[in-house]
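Pasting model-v4.txt here (compact mmCIF, C-alpha atoms):
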```txt
# COMPACT_ATOMS: atom_id res chain seq x y z
CA MET A 3 -18.63 0.37 -8.87
CA ARG A 4 -21.28 -0.08 -6.18
CA VAL A 5 -20.96 2.56 -3.44
CA LEU A 6 -22.97 2.75 -0.22
CA PHE A 7 -23.09 6.21 1.35
CA LEU A 8 -23.91 6.63 5.04
CA HIS A 9 -24.27 10.39 4.90
CA SER A 10 -26.75 13.09 5.91
CA ASP A 11 -25.69 15.82 3.46
CA PRO A 12 -26.95 15.31 -0.14
CA ALA A 13 -24.59 18.03 -1.41
CA ASP A 14 -21.54 16.17 -0.09
CA VAL A 15 -22.80 12.91 -1.62
CA LYS A 16 -23.25 14.60 -5.01
CA SER A 17 -19.78 16.09 -4.75
CA CYS A 18 -18.24 12.65 -4.07
CA VAL A 19 -20.14 11.02 -6.96
CA ARG A 20 -19.10 13.86 -9.27
CA GLU A 21 -15.41 13.41 -8.41
CA LEU A 22 -15.59 9.63 -8.89
CA SER A 23 -17.41 9.98 -12.20
CA ALA A 24 -14.90 12.57 -13.42
CA ALA A 25 -12.17 9.97 -12.80
CA ASN A 26 -13.92 7.55 -15.21
CA LEU A 27 -15.43 5.43 -12.42
CA ASN A 28 -18.93 4.18 -13.26
CA VAL A 29 -20.70 4.75 -9.94
CA ASN A 30 -23.89 3.07 -8.76
CA ALA A 31 -24.64 4.80 -5.45
CA ASP A 32 -27.10 4.09 -2.63
CA VAL A 33 -27.58 6.42 0.35
CA VAL A 34 -28.70 5.58 3.90
CA LEU A 35 -29.01 7.88 6.89
CA THR A 36 -28.74 5.66 9.97
CA SER A 37 -26.58 2.77 11.15
CA GLU A 38 -29.71 0.57 11.28
CA GLN A 39 -30.44 1.28 7.60
CA PHE A 40 -26.74 0.74 6.90
CA ALA A 41 -26.72 -2.76 8.40
CA LYS A 42 -29.95 -3.72 6.63
CA ARG A 43 -28.73 -2.49 3.23
CA LEU A 44 -25.38 -4.31 3.57
CA GLY A 45 -27.25 -7.50 4.35
CA SER A 46 -29.37 -7.26 1.21
CA ARG A 47 -26.89 -6.01 -1.42
CA ALA A 48 -23.21 -6.35 -2.25
CA TYR A 49 -21.09 -3.19 -2.31
CA ASP A 50 -17.52 -2.46 -3.41
CA ILE A 51 -16.89 0.40 -1.00
CA VAL A 52 -18.54 2.37 1.83
CA LEU A 53 -18.24 6.14 2.19
CA ALA A 54 -19.43 7.20 5.64
CA GLU A 55 -19.84 10.62 7.20
CA TYR A 56 -17.55 10.84 10.23
CA SER A 57 -19.29 11.21 13.59
CA SER A 58 -17.43 12.16 16.75
CA ASN A 59 -20.12 10.24 18.65
CA ASP A 60 -18.69 6.76 19.28
CA SER A 61 -22.19 5.28 19.71
CA GLN A 62 -22.92 6.21 16.08
CA ARG A 63 -19.52 5.32 14.66
CA ALA A 64 -18.90 2.00 16.43
CA PRO A 65 -21.89 0.11 14.89
CA ILE A 66 -20.59 0.90 11.39
CA LEU A 67 -17.20 -0.65 12.10
CA GLU A 68 -18.79 -3.56 13.95
CA VAL A 69 -21.10 -4.45 11.05
CA LEU A 70 -18.21 -4.40 8.56
CA GLN A 71 -15.90 -6.43 10.82
CA GLN A 72 -18.54 -9.15 11.18
CA MET A 73 -18.77 -9.67 7.41
CA ASP A 74 -16.99 -12.64 5.86
CA ASN A 75 -15.55 -10.30 3.22
CA PRO A 76 -15.47 -6.82 4.78
CA VAL A 77 -16.18 -3.89 2.47
CA PRO A 78 -13.50 -1.13 2.49
CA LEU A 79 -14.63 1.89 4.54
CA ILE A 80 -13.57 5.50 3.93
CA PHE A 81 -14.69 8.22 6.34
CA MET A 82 -15.63 11.60 4.85
CA THR A 83 -14.62 14.22 7.39
CA ASN A 84 -14.04 17.84 8.13
CA GLN A 85 -10.71 18.67 9.74
CA LEU A 86 -9.38 15.88 11.99
CA SER A 87 -6.19 15.52 13.95
CA MET A 88 -3.62 12.97 12.76
CA GLU A 89 -4.18 11.06 16.03
CA THR A 90 -7.90 10.68 15.30
CA VAL A 91 -7.21 9.58 11.71
CA ALA A 92 -4.70 7.01 12.96
CA GLU A 93 -7.26 5.74 15.49
CA LEU A 94 -9.94 5.36 12.82
CA ILE A 95 -7.58 3.44 10.53
CA THR A 96 -6.52 1.24 13.44
CA ASP A 97 -10.21 0.51 14.15
CA GLY A 98 -10.73 -0.70 10.59
CA ALA A 99 -11.19 2.27 8.23
CA VAL A 100 -9.12 2.31 5.03
CA ASP A 101 -8.60 6.06 5.08
CA CYS A 102 -10.15 9.44 5.89
CA ILE A 103 -10.79 12.13 3.25
CA GLU A 104 -11.53 15.72 4.20
CA MET A 105 -14.37 17.17 2.12
CA GLU A 106 -12.24 20.18 1.22
CA HIS A 107 -9.85 17.68 -0.43
CA VAL A 108 -12.56 15.56 -2.04
CA GLY A 109 -10.55 15.65 -5.28
CA HIS A 110 -8.29 13.03 -3.68
CA LEU A 111 -11.21 10.62 -3.31
CA PRO A 112 -10.80 8.72 -6.65
CA VAL A 113 -7.16 7.94 -5.88
CA THR A 114 -8.04 6.74 -2.39
CA VAL A 115 -10.94 4.61 -3.69
CA ARG A 116 -8.80 2.96 -6.37
CA ARG A 117 -6.10 2.24 -3.79
CA ALA A 118 -8.66 0.79 -1.35
CA LEU A 119 -10.12 -1.51 -4.00
CA SER A 120 -6.66 -2.65 -5.08
CA GLU A 121 -5.59 -3.33 -1.48
CA ASN A 122 -8.83 -5.22 -0.86
CA ASP A 123 -8.13 -7.49 -3.85
CA LEU A 124 -4.59 -8.11 -2.60
CA ARG A 125 -5.87 -8.78 0.91
CA ALA A 126 -8.31 -11.36 -0.43
CA GLU A 127 -5.46 -13.01 -2.32
CA ARG A 128 -3.39 -13.09 0.87
CA ASP A 129 -6.28 -14.56 2.88
CA ARG A 130 -6.73 -17.33 0.32
CA ALA A 131 -3.02 -18.10 0.55
CA GLU A 132 -3.09 -18.10 4.35
CA LYS A 133 -6.14 -20.35 4.41
CA HIS A 134 -4.35 -22.75 2.10
CA LEU A 135 -1.22 -22.77 4.25
CA ARG A 136 -2.80 -22.68 7.73
CA HIS A 137 -2.61 -26.04 9.43
CA SER A 138 -4.90 -27.48 12.07
CA GLU A 139 -4.46 -26.53 15.71
CA ALA A 140 -4.23 -30.25 16.42
CA HIS A 141 -0.55 -30.37 15.46
CA TYR A 142 0.11 -33.79 16.83
CA ARG A 143 -2.45 -35.66 14.79
CA ALA A 144 0.10 -35.42 11.98
CA LEU A 145 1.86 -38.71 11.37
CA VAL A 146 5.54 -39.15 10.65
CA GLY A 147 4.65 -39.85 7.05
CA ASN A 148 2.61 -36.64 6.72
CA LEU A 149 2.99 -35.17 3.22
CA SER A 150 2.34 -31.53 4.22
CA TYR A 151 4.69 -30.87 7.13
CA GLY A 152 8.25 -31.69 7.93
CA ILE A 153 8.45 -33.68 11.18
CA CYS A 154 11.56 -34.51 13.16
CA ARG A 155 12.58 -35.90 16.50
CA CYS A 156 15.50 -34.26 18.30
CA SER A 157 17.63 -35.21 21.26
CA ALA A 158 17.61 -33.06 24.39
CA GLU A 159 20.57 -31.18 22.86
CA GLY A 160 18.70 -30.54 19.59
CA LYS A 161 20.42 -33.09 17.34
CA PHE A 162 18.18 -34.78 14.76
CA VAL A 163 17.35 -38.37 15.75
CA ASP A 164 14.70 -39.08 13.11
CA VAL A 165 13.05 -37.12 10.27
CA ASN A 166 10.24 -37.80 7.84
CA GLU A 167 10.59 -37.79 4.05
CA THR A 168 8.74 -34.45 3.74
CA LEU A 169 11.41 -32.66 5.77
CA VAL A 170 14.12 -34.34 3.67
CA ALA A 171 12.48 -33.06 0.47
CA MET A 172 11.70 -29.65 1.99
CA LEU A 173 15.38 -29.06 2.79
CA GLY A 174 16.61 -30.52 -0.50
CA TYR A 175 18.57 -33.49 0.85
CA THR A 176 18.81 -36.82 -0.93
CA SER A 177 18.26 -39.10 2.06
CA LYS A 178 17.33 -39.21 5.74
CA GLU A 179 20.87 -40.23 6.62
CA GLU A 180 22.31 -37.13 4.95
CA LEU A 181 19.92 -34.81 6.82
CA LEU A 182 20.55 -36.49 10.17
CA GLU A 183 24.15 -35.30 9.96
CA VAL A 184 23.02 -31.65 9.85
CA ASN A 185 22.53 -29.79 13.13
CA LEU A 186 19.60 -27.44 12.38
CA ALA A 187 17.49 -27.48 15.55
CA SER A 188 20.14 -27.07 18.25
CA ASP A 189 20.01 -23.25 18.16
CA VAL A 190 16.30 -23.34 19.02
CA ILE A 191 16.53 -26.12 21.63
CA SER A 192 19.55 -24.63 23.44
CA ASP A 193 18.02 -21.13 23.73
CA PRO A 194 15.52 -21.06 26.67
CA ARG A 195 13.44 -18.25 25.17
CA LYS A 196 13.21 -19.87 21.74
CA ARG A 197 12.55 -23.29 23.28
CA ALA A 198 9.65 -21.87 25.32
CA GLN A 199 8.26 -20.29 22.16
CA LEU A 200 8.65 -23.58 20.29
CA LEU A 201 6.66 -25.42 22.95
CA GLY A 202 3.94 -22.75 22.97
CA HIS A 203 4.35 -21.53 26.53
CA SER A 204 6.62 -19.60 28.86
CA GLY A 205 7.45 -20.17 32.49
CA GLN A 206 4.20 -18.40 33.38
CA ARG A 207 2.24 -20.51 30.86
CA VAL A 208 1.48 -17.49 28.73
CA GLN A 209 0.77 -18.41 25.13
CA ASN A 210 3.43 -17.21 22.66
CA ASP A 211 3.34 -16.68 18.93
CA PRO A 212 4.73 -19.63 16.91
CA ILE A 213 8.44 -19.37 16.32
CA GLU A 214 9.65 -18.66 12.78
CA ILE A 215 13.27 -19.08 11.79
CA ASP A 216 15.37 -19.45 8.66
CA TRP A 217 16.78 -22.87 7.85
CA ARG A 218 19.38 -23.26 5.12
CA ARG A 219 18.61 -25.82 2.44
CA ARG A 220 21.23 -28.13 1.01
CA ASP A 221 21.76 -25.86 -2.03
CA GLY A 222 22.40 -22.82 0.22
CA THR A 223 19.04 -21.11 -0.30
CA THR A 224 16.99 -19.98 2.69
CA LEU A 225 13.75 -21.61 3.80
CA LYS A 226 11.51 -19.77 6.28
CA VAL A 227 9.82 -22.30 8.58
CA ARG A 228 7.26 -22.03 11.35
CA LEU A 229 8.04 -24.47 14.15
CA SER A 230 5.89 -26.00 16.85
CA GLY A 231 6.82 -28.85 19.14
CA ARG A 232 6.37 -30.85 22.31
CA GLU A 233 8.57 -32.50 24.87
CA VAL A 234 9.11 -36.25 24.81
CA SER A 235 9.71 -37.71 28.30
CA SER A 236 11.37 -40.94 29.31
CA GLY A 237 9.77 -43.44 31.66
CA ASP A 238 11.19 -41.76 34.79
CA GLY A 239 9.84 -38.33 33.80
CA ASP A 240 13.08 -36.82 32.48
CA ILE A 241 13.01 -34.99 29.14
CA ASP A 242 14.27 -37.43 26.53
CA GLY A 243 13.98 -35.07 23.54
CA TYR A 244 11.55 -33.10 21.40
CA GLU A 245 9.19 -33.71 18.50
CA VAL A 246 9.07 -30.75 16.12
CA ILE A 247 6.73 -29.96 13.22
CA ALA A 248 8.09 -27.59 10.55
CA GLU A 249 5.79 -25.71 8.15
CA ASP A 250 7.28 -24.02 5.09
CA VAL A 251 5.94 -20.43 5.16
CA THR A 252 8.41 -18.97 2.64
CA LYS A 253 5.82 -18.24 -0.06
CA GLN A 254 3.36 -16.90 2.49
CA ARG A 255 5.89 -14.39 3.83
CA GLU A 256 6.95 -13.41 0.29
CA LEU A 257 3.29 -12.70 -0.51
CA GLU A 258 2.91 -10.60 2.65
CA ASP A 259 6.06 -8.62 1.78
CA HIS A 260 4.67 -8.08 -1.70
CA LEU A 261 1.36 -6.86 -0.26
CA ARG A 262 3.15 -4.45 2.06
CA ARG A 263 5.14 -3.03 -0.85
CA GLN A 264 2.04 -2.77 -3.04
CA ALA A 265 0.15 -0.88 -0.34
CA PHE A 266 2.54 2.04 -0.85
CA LYS A 267 2.96 1.78 -4.64
CA ASP A 268 0.93 3.12 -7.52
CA PRO A 269 -0.09 0.00 -9.48
CA LEU A 270 0.26 1.64 -12.91
CA THR A 271 3.57 3.49 -12.63
CA GLY A 272 5.31 1.72 -9.76
CA LEU A 273 6.00 5.06 -8.06
CA ALA A 274 5.02 5.84 -4.49
CA ASN A 275 1.29 6.41 -4.08
CA TYR A 276 -0.54 9.24 -2.29
CA ARG A 277 -0.36 7.47 1.09
CA GLN A 278 3.43 7.08 0.93
CA LEU A 279 3.79 10.67 -0.33
CA VAL A 280 1.94 11.93 2.75
CA ASP A 281 4.17 9.82 5.01
CA VAL A 282 7.33 11.11 3.32
CA LEU A 283 6.21 14.75 3.54
CA ASN A 284 5.33 14.39 7.22
CA SER A 285 8.73 12.80 7.89
CA GLU A 286 10.56 15.56 5.99
CA ILE A 287 8.67 18.25 7.89
CA LYS A 288 9.62 16.68 11.23
CA ARG A 289 13.24 16.26 10.16
CA SER A 290 13.47 19.82 8.86
CA GLU A 291 11.99 21.12 12.11
CA ARG A 292 14.95 19.50 13.89
CA THR A 293 17.70 20.41 11.41
CA GLY A 294 16.45 23.80 10.23
CA ARG A 295 17.10 22.79 6.60
CA GLU A 296 14.66 23.48 3.79
CA PHE A 297 13.29 21.00 1.28
CA ALA A 298 11.34 21.30 -1.95
CA LEU A 299 8.07 19.81 -3.18
CA LEU A 300 7.47 19.69 -6.94
CA LEU A 301 4.02 18.96 -8.41
CA PHE A 302 3.88 17.93 -12.09
CA ASP A 303 0.80 17.83 -14.30
CA LEU A 304 0.89 15.94 -17.59
CA ASP A 305 -0.46 18.42 -20.15
CA GLY A 306 -3.28 17.37 -22.44
CA LEU A 307 -3.83 13.83 -21.14
CA LYS A 308 -7.52 13.97 -22.09
CA GLN A 309 -6.61 14.85 -25.66
CA VAL A 310 -4.12 11.98 -25.75
CA ASN A 311 -6.79 9.57 -24.49
CA ASP A 312 -9.38 10.89 -26.96
CA HIS A 313 -7.04 10.83 -29.97
CA TYR A 314 -4.85 7.78 -29.33
CA GLY A 315 -6.82 5.71 -26.79
CA HIS A 316 -6.47 5.01 -23.09
CA VAL A 317 -3.64 2.50 -23.56
CA ILE A 318 -1.43 5.23 -25.03
CA GLY A 319 -2.70 7.55 -22.28
CA SER A 320 -1.54 5.09 -19.63
CA GLN A 321 1.80 4.79 -21.42
CA ALA A 322 2.08 8.60 -21.33
CA LEU A 323 1.69 8.52 -17.54
CA CYS A 324 4.38 5.85 -17.33
CA ARG A 325 6.69 7.94 -19.53
CA LEU A 326 6.50 10.82 -17.06
CA ALA A 327 6.99 8.35 -14.19
CA ASP A 328 10.14 7.00 -15.90
CA VAL A 329 11.55 10.49 -16.34
CA LEU A 330 10.90 11.27 -12.67
CA SER A 331 12.57 8.04 -11.53
CA ILE A 332 15.65 8.59 -13.66
CA GLY A 333 15.93 12.28 -12.83
CA CYS A 334 16.00 12.06 -9.03
CA ARG A 335 18.46 11.00 -6.34
CA ASP A 336 18.20 7.99 -4.06
CA ILE A 337 17.05 10.24 -1.19
CA ASP A 338 14.29 11.84 -3.31
CA THR A 339 10.76 10.45 -3.51
CA ALA A 340 8.77 10.40 -6.76
CA ALA A 341 5.05 9.72 -6.39
CA ARG A 342 1.87 9.65 -8.42
CA PHE A 343 -0.23 12.24 -6.67
CA GLY A 344 -3.44 11.26 -8.43
CA GLY A 345 -4.78 11.09 -11.98
CA ASP A 346 -2.32 12.96 -14.21
CA GLU A 347 -0.54 14.68 -11.30
CA PHE A 348 2.83 13.59 -9.93
CA ALA A 349 4.98 14.79 -7.06
CA LEU A 350 8.68 14.87 -6.31
CA VAL A 351 10.06 15.49 -2.80
CA LEU A 352 13.62 16.85 -2.77
CA PRO A 353 15.18 16.78 0.73
CA GLU A 354 17.72 19.48 1.61
CA THR A 355 17.03 21.39 -1.61
CA GLY A 356 16.59 25.13 -2.10
CA GLY A 357 14.63 27.09 -4.67
CA GLY A 358 17.40 27.40 -7.26
CA SER A 359 18.21 23.70 -7.31
CA ALA A 360 14.52 22.79 -7.33
CA LYS A 361 13.95 24.92 -10.45
CA LEU A 362 16.90 23.24 -12.20
CA VAL A 363 15.49 19.78 -11.39
CA ALA A 364 12.01 20.81 -12.58
CA SER A 365 13.40 22.23 -15.83
CA ARG A 366 15.51 19.12 -16.49
CA ILE A 367 12.57 16.79 -15.96
CA CYS A 368 10.28 18.80 -18.23
CA ASP A 369 12.99 18.91 -20.94
CA ASN A 370 13.67 15.17 -20.66
CA LEU A 371 9.97 14.39 -21.03
CA ALA A 372 9.59 16.69 -24.03
CA ASN A 373 12.65 15.14 -25.73
CA ASP A 374 12.27 11.46 -24.85
CA GLY A 375 11.97 10.64 -28.56
CA ARG A 376 8.60 8.89 -28.30
CA LYS A 377 5.22 9.67 -29.80
CA PRO A 378 2.98 11.44 -29.08
CA LYS A 379 5.13 14.32 -27.90
CA LEU A 380 4.41 15.17 -24.27
CA SER A 381 4.88 18.15 -22.00
CA ALA A 382 4.36 18.76 -18.29
CA SER A 383 3.62 21.78 -16.13
CA VAL A 384 5.24 22.11 -12.73
CA GLY A 385 4.63 23.96 -9.49
CA ILE A 386 7.22 24.33 -6.71
CA SER A 387 6.83 24.97 -3.01
CA LEU A 388 9.59 25.22 -0.40
CA TYR A 389 9.62 24.37 3.28
CA PRO A 390 9.32 26.58 5.31
CA THR A 391 9.11 29.56 2.89
CA ASN A 392 5.77 28.49 1.37
CA GLY A 393 4.43 26.67 4.39
CA ASP A 394 5.38 24.51 7.34
CA LYS A 395 2.40 22.14 7.20
CA LEU A 396 1.57 19.38 4.73
CA ASP A 397 -1.62 21.00 3.42
CA THR A 398 -0.05 24.44 2.98
CA LEU A 399 2.93 22.98 1.09
CA LEU A 400 0.67 20.98 -1.22
CA GLY A 401 -1.60 23.97 -1.67
CA ALA A 402 1.27 26.32 -2.53
CA ALA A 403 2.69 23.86 -5.08
CA ASP A 404 -0.80 23.37 -6.54
CA VAL A 405 -1.32 27.12 -6.92
CA ALA A 406 2.09 27.48 -8.62
CA LEU A 407 1.29 24.57 -10.93
CA TYR A 408 -2.00 25.97 -12.15
CA LEU A 409 -0.54 29.46 -12.45
CA MET A 410 2.01 27.99 -14.88
CA LYS A 411 -0.75 26.17 -16.80
CA ALA A 412 -2.81 29.37 -17.01
CA THR A 413 0.21 31.32 -18.24
CA ARG A 414 0.87 28.71 -20.92
CA HIS A 415 -2.79 28.71 -21.94
CA ASN A 416 -2.88 32.52 -22.27
CA HIS A 417 0.37 32.47 -24.27
CA ALA A 418 -1.07 29.84 -26.63
CA ASP A 419 -4.26 31.90 -27.06
CA ARG A 420 -2.23 35.02 -27.92
CA THR A 421 -0.11 33.05 -30.39
CA ARG A 422 -3.20 31.68 -32.17
CA GLU A 423 -4.78 35.13 -32.24
CA SER A 424 -1.61 36.64 -33.74
CA ARG A 425 -1.45 33.92 -36.41
CA THR A 426 -5.11 34.49 -37.26
CA ARG A 427 -4.59 38.25 -37.70
CA SER A 428 -1.55 37.64 -39.88
CA SER A 429 -3.50 35.22 -42.05
CA ILE A 430 -6.36 37.73 -42.48
CA THR A 431 -3.89 40.49 -43.41
CA ARG A 432 -2.20 38.33 -46.05
CA SER A 433 -5.54 37.33 -47.55
CA ARG A 434 -6.59 40.99 -47.87
CA GLU A 435 -3.35 41.85 -49.59
```

Is it possible to give me this structure as structure tokens?
Amino acid sequence: MRVLFLHSDPADVKSCVRELSAANLNVNADVVLTSEQFAKRLGSRAYDIVLAEYSSNDSQRAPILEVLQQMDNPVPLIFMTNQLSMETVAELITDGAVDCIEMEHVGHLPVTVRRALSENDLRAERDRAEKHLRHSEAHYRALVGNLSYGICRCSAEGKFVDVNETLVAMLGYTSKEELLEVNLASDVISDPRKRAQLLGHSGQRVQNDPIEIDWRRRDGTTLKVRLSGREVSSGDGDIDGYEVIAEDVTKQRELEDHLRRQAFKDPLTGLANYRQLVDVLNSEIKRSERTGREFALLLFDLDGLKQVNDHYGHVIGSQALCRLADVLSIGCRDIDTAARFGGDEFALVLPETGGGSAKLVASRICDNLANDGRKPKLSASVGISLYPTNGDKLDTLLGAADVALYLMKATRHNHADRTRESRTRSSITRSRE
């Protein structure tokens, strides 16, 4: 993975590279110090991702975003920051950054990088699809026999007067005559707002977005079409009807919906990803502030994943992560949110749940994982934090759950050490006897 750092602190750069390498990412890193060096380096080499030190000075930050936006295939940008307000983070993402990572939470960087690369691949796929589907601005050069777009002529009331064969096939009818009996365009033509949008202007001649509507095919399925049209006038200047071009954008919209869903999903497990987890926690905090009700955050760590990978291979290791994800999905309510927090860590948000119920859920999930009947046998450690008892901010809740999680792991580790030591002493005693 080729990474370009725009950063002035070598220690921070080393810390980022160390975290990425620890997550099994093979990093080839270059470092520049100024926006001028940044633009020159991007012009001479290809990079997979950019990690830039955040500057509050707009004159230093703006050139970075401008250079990336001018690229044919923009490289994902992640800002490395100290503490920033949510408003500033939102502004940076709106301006073109993928995300912002605080250096004190640099352990989240590998998850964010993997998500950014995945989203970039999906975005490229979407752009290819849009380029394939996008038609020329010169709509009316299309002939009635055009094979790409459905074309029809409507009366002033919106009734079909003529249609081309493409529209007949698009809507699944067997003949022009059959389609002419169907009244599909009248809703658009009879509605002044929709008609203005169809024609590409309003009463003030302000350009509108193309109109998209659902048309029902002959078999009852729905077709999403983008419509554009023009008025057809008679010899005396009166409106005689309309010519309408229909583009089938069903697959394009399905792809966009898929991309939106994928942006908030972990690609391996199908659970919510870190971004969606943050959104859910922020929403729960705001809701609990209004209602005064507590909620629980559970952090799970899959024990011994490295040993599983070393002994059985990474395919079995990935399956182990999916096994824990399955147990989390099955063991929670519809209002709960299960997420992959990063690496071998998972999270479960339990709205309107107190400490006792949270412990029962945690115990049940750990038991279900340990007894799922599959090999190798797995176990998980868990840490619990409660709002507002353990914190009323996102970071403090995550931190409290993280501390509880690693306290449990340390306790288990010490118990295992004492057990091994006891067995060793017993073995020595028996051998002496």

Quiz item: Contacts of A:Met105 at 10 Å or less, counting only C-alpha atoms, minus same-chain residues fewer than 2 places along, as a ChimeraX atom specification?
Solution: /A:14,17-18,55,81-85,102-103,107-111

Exercise. Just the residues within 10 Å of A:Phe266, please, counting all atoms listed in the file, with nothing from its chain fewer than 3 positions along; format it as a PyMOL selection string.
Key: chain A and resi 117+121+261-263+269+272-279+281+341

Quiz item: Looking at all atoms listed in the file, which of A:Thr391, A:Ser57, A:Asn311, A:Ser359 is the one that sits closest to A:Asn26?
Solution: A:Asn311

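Our summary of the geometry notes that atom CA of A:Val5 is positioned 17.9 Å from atom CA of A:Glu104.
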
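When atom CA of A:Gly152 is paired with atom CA of A:Ala126, their separation reads 27.5 Å.
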
Quiz item: Leaving out stretch 376-390 of chain A and any residue of its chain fewer than 6 positions from it, which residues lie within 7 Å of it when counting all atoms listed in the file, given as a PyMOL selection string?
Solution: chain A and resi 296-305+357+364+368+399+402-404+406-407+410-411

Quick one: what's the axis-aligned box for stretch 399-409 of chain A, all listed atoms, 3 Å on every side, centre and edges in Å to one decimal, as lines of an AutoDock Vina configuration file?
```
center_x = 0.5
center_y = 25.2
center_z = -5.7
size_x = 10.9
size_y = 14.5
size_z = 19.5
```
